[in-house]
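The structure appears below as structure tokens.
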Amino acid sequence: MIDADLARGIKLLILDVDGVLTDNSVMIGLVDGKRVEFKNFNIQDGLGLAIFRQSGVPVVWMSGRMSEATTLRAAELKITEVLQPRNAEKLPATLELMQRHGVNWKEIAFVGDDLADLPVMRRCGLPIAVANAVPEVKATAVVVTRNEGGKGAVREVSELLLKARGAWDASVRGYLRDRGDDAA
């Protein structure tokens, strides 16, 4: 459970990518002599983000490594901000993000799984760890998901936040209306 007041105060949701939106697998190979990279993204996580978008809270993906696969999936889900800072320097990237969005630390929810996420998680208002996160990340989190990264954790976070905000039903109705369901 997420405290309702805390959830209503969130103005920006930042998601780590590898280990949160994916199962931490990276497949690299050659196709026609060119390096290609593939990642597994969970379809229910994508649907959860589509529903969460109805809340009006911006979602940002942040990865410690450059990946065209990440960029492609984000575009498919209409995630307009994808940050892939070099050397996994997520703290400076978050500080710039805060300035652009006009938010403070208390207004940020961050979902992470590994050590590179700790500098942001230790400062944000709502640090969330996925079930397969390392112990240090779980110890920092206010919420630990039941689901692992890449296996429904982001869908779970979307539902938890929206339900705590009292916005789940309206967000689902909005999602369904956008898809032509007049009964929603």
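Residue numbers start at 1 in each chain; chains themselves are named A, B, ... in the order of the structure tokens; ligands are numbered from 1 in the order shown.
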
Closest atom pairs, residues of stretch 7-79 of chain A within 7 Å of stretch 112-129 of chain A, only C-alpha atoms, as a Markdown table:
| residue | atom | partner | partner_atom | distance |
| --- | --- | --- | --- | --- |
| A:Leu15 | CA | A:Gly112 | CA | 6.7 |
| A:Asp16 | CA | A:Gly112 | CA | 5.4 |
| A:Gly19 | CA | A:Asp113 | CA | 6.0 |
| A:Val20 | CA | A:Gly112 | CA | 6.3 |

For stretch 74-78 of chain A, list every protein, DNA or RNA residue within 10 Å, evaluated using only C-alpha atoms, and leave out those in the same chain fewer than 4 positions away; present the list as a tab-separated table (two decimals) with N, CA and C atoms, in the first residue's frame.
chain	number	residue	atom	x	y	z
A	46	GLY	N	3.36	-2.22	-20.07
A	46	GLY	CA	3.00	-1.21	-21.06
A	46	GLY	C	1.57	-0.73	-20.91
A	47	LEU	N	0.66	-1.67	-20.68
A	47	LEU	CA	-0.73	-1.30	-20.47
A	47	LEU	C	-0.88	-0.49	-19.18
A	49	LEU	N	1.26	1.51	-17.92
A	49	LEU	CA	1.74	2.87	-18.20
A	49	LEU	C	0.72	3.65	-19.03
A	50	ALA	N	0.05	2.98	-19.96
A	50	ALA	CA	-0.98	3.64	-20.75
A	50	ALA	C	-2.12	4.11	-19.85
A	53	ARG	N	-0.89	7.06	-17.65
A	53	ARG	CA	-0.80	8.31	-18.40
A	53	ARG	C	-2.08	9.12	-18.27
A	59	VAL	N	5.72	10.54	-16.96
A	59	VAL	CA	6.55	9.35	-16.73
A	59	VAL	C	7.84	9.52	-17.51
A	60	VAL	N	8.96	9.28	-16.83
A	60	VAL	CA	10.29	9.39	-17.45
A	60	VAL	C	10.99	8.06	-17.28
A	61	TRP	N	11.60	7.58	-18.35
A	61	TRP	CA	12.44	6.39	-18.26
A	61	TRP	C	13.88	6.84	-18.13
A	68	GLU	N	19.11	1.44	-28.12
A	68	GLU	CA	18.08	1.73	-29.12
A	68	GLU	C	16.80	0.96	-28.82
A	69	ALA	N	16.93	-0.24	-28.25
A	69	ALA	CA	15.74	-1.02	-27.89
A	69	ALA	C	14.89	-0.26	-26.87
A	70	THR	N	15.52	0.39	-25.91
A	70	THR	CA	14.81	1.19	-24.92
A	70	THR	C	14.10	2.36	-25.60
A	82	VAL	N	13.09	10.00	-22.30
A	82	VAL	CA	13.94	8.85	-22.04
A	82	VAL	C	15.35	9.38	-21.82

Grab the atom CA of A:Ile51 to atom CA of A:Gly64 distance for me, in Å with one decimal place. 25.9 Å

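Atom pair atom CA of A:Leu13 / atom CA of A:Val111: separated by 8.0 Å.
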
Give me the residues within 10 Å of A:Asp18 as a PyMOL selection string, counting only C-alpha atoms and dropping any in the same chain fewer than 3 places off. chain A and resi 15+21-26+39-41+62-65+70+112-114+149-150

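With distances taken over only C-alpha atoms, A:Leu12 is the one residue among A:Leu12, A:Leu95, A:Ala4, A:Val142 lying closest to A:Phe52.
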
Using only C-alpha atoms, the shortest atom-to-atom distance to A:Val17 among A:Ser67, A:Ile2, A:Phe38, A:Ala183 belongs to A:Ser67

Find the residue from A:Pro92, A:Gly33, A:Pro85, A:Gly48 that sits nearest to A:Glu156; use only C-alpha atoms when measuring. A:Gly48

Can you list, as an MDAnalysis selection string, all residues belonging to stretch 5-134 of chain A that DSSP tags as helix (DSSP H, G or I)? chainID A and resid 5:8 43:55 68:76 86:88 90:101 105:107 115:121

Of the listed residues A:Met27, A:Ile108, A:Leu83, A:Val157, that which approaches A:Pro58 most closely, counting only C-alpha atoms: A:Ile108

Give me the residues near stretch 165-179 of chain A as an mmCIF file with C-alpha atoms, in the first residue's frame, where near means some atom within 9 Å (using only C-alpha atoms) and where sequence neighbours in that chain fewer than 5 positions away do not count.
data_model
loop_
_atom_site.group_PDB
_atom_site.id
_atom_site.type_symbol
_atom_site.label_atom_id
_atom_site.label_comp_id
_atom_site.auth_asym_id
_atom_site.auth_seq_id
_atom_site.Cartn_x
_atom_site.Cartn_y
_atom_site.Cartn_z
ATOM 1 C CA ASP A 3 -0.123 6.374 1.625
ATOM 2 C CA ALA A 4 -2.845 8.390 -0.148
ATOM 3 C CA ASP A 5 -1.367 11.803 0.724
ATOM 4 C CA LEU A 6 2.072 10.698 -0.450
ATOM 5 C CA ALA A 7 0.630 9.343 -3.712
ATOM 6 C CA ARG A 8 -1.381 12.506 -4.379
ATOM 7 C CA GLY A 9 1.784 14.585 -3.915
ATOM 8 C CA ALA A 50 -0.981 3.644 -20.750
ATOM 9 C CA ILE A 51 -3.532 3.677 -17.932
ATOM 10 C CA PHE A 52 -1.215 5.684 -15.669
ATOM 11 C CA ARG A 53 -0.796 8.306 -18.395
ATOM 12 C CA GLN A 54 -4.487 9.137 -17.860
ATOM 13 C CA SER A 55 -3.521 10.633 -14.472
ATOM 14 C CA SER A 158 0.812 2.056 -11.783
ATOM 15 C CA GLU A 159 -2.141 0.430 -10.042
ATOM 16 C CA LEU A 160 -0.831 1.121 -6.534
ATOM 17 C CA ALA A 184 -16.708 3.019 -20.149
#

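Taking atom CA of A:Val143 and atom CA of A:Val130 as the two end points, the separation is 8.5 Å.
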
Enumerate as a ChimeraX atom specification all residues of chain A assigned to strand (DSSP E) by DSSP on the backbone, naming them with the chain letters and numbers the document uses. /A:12-16,27-31,34-38,59-62,81-83,108-112,126-129,143-144
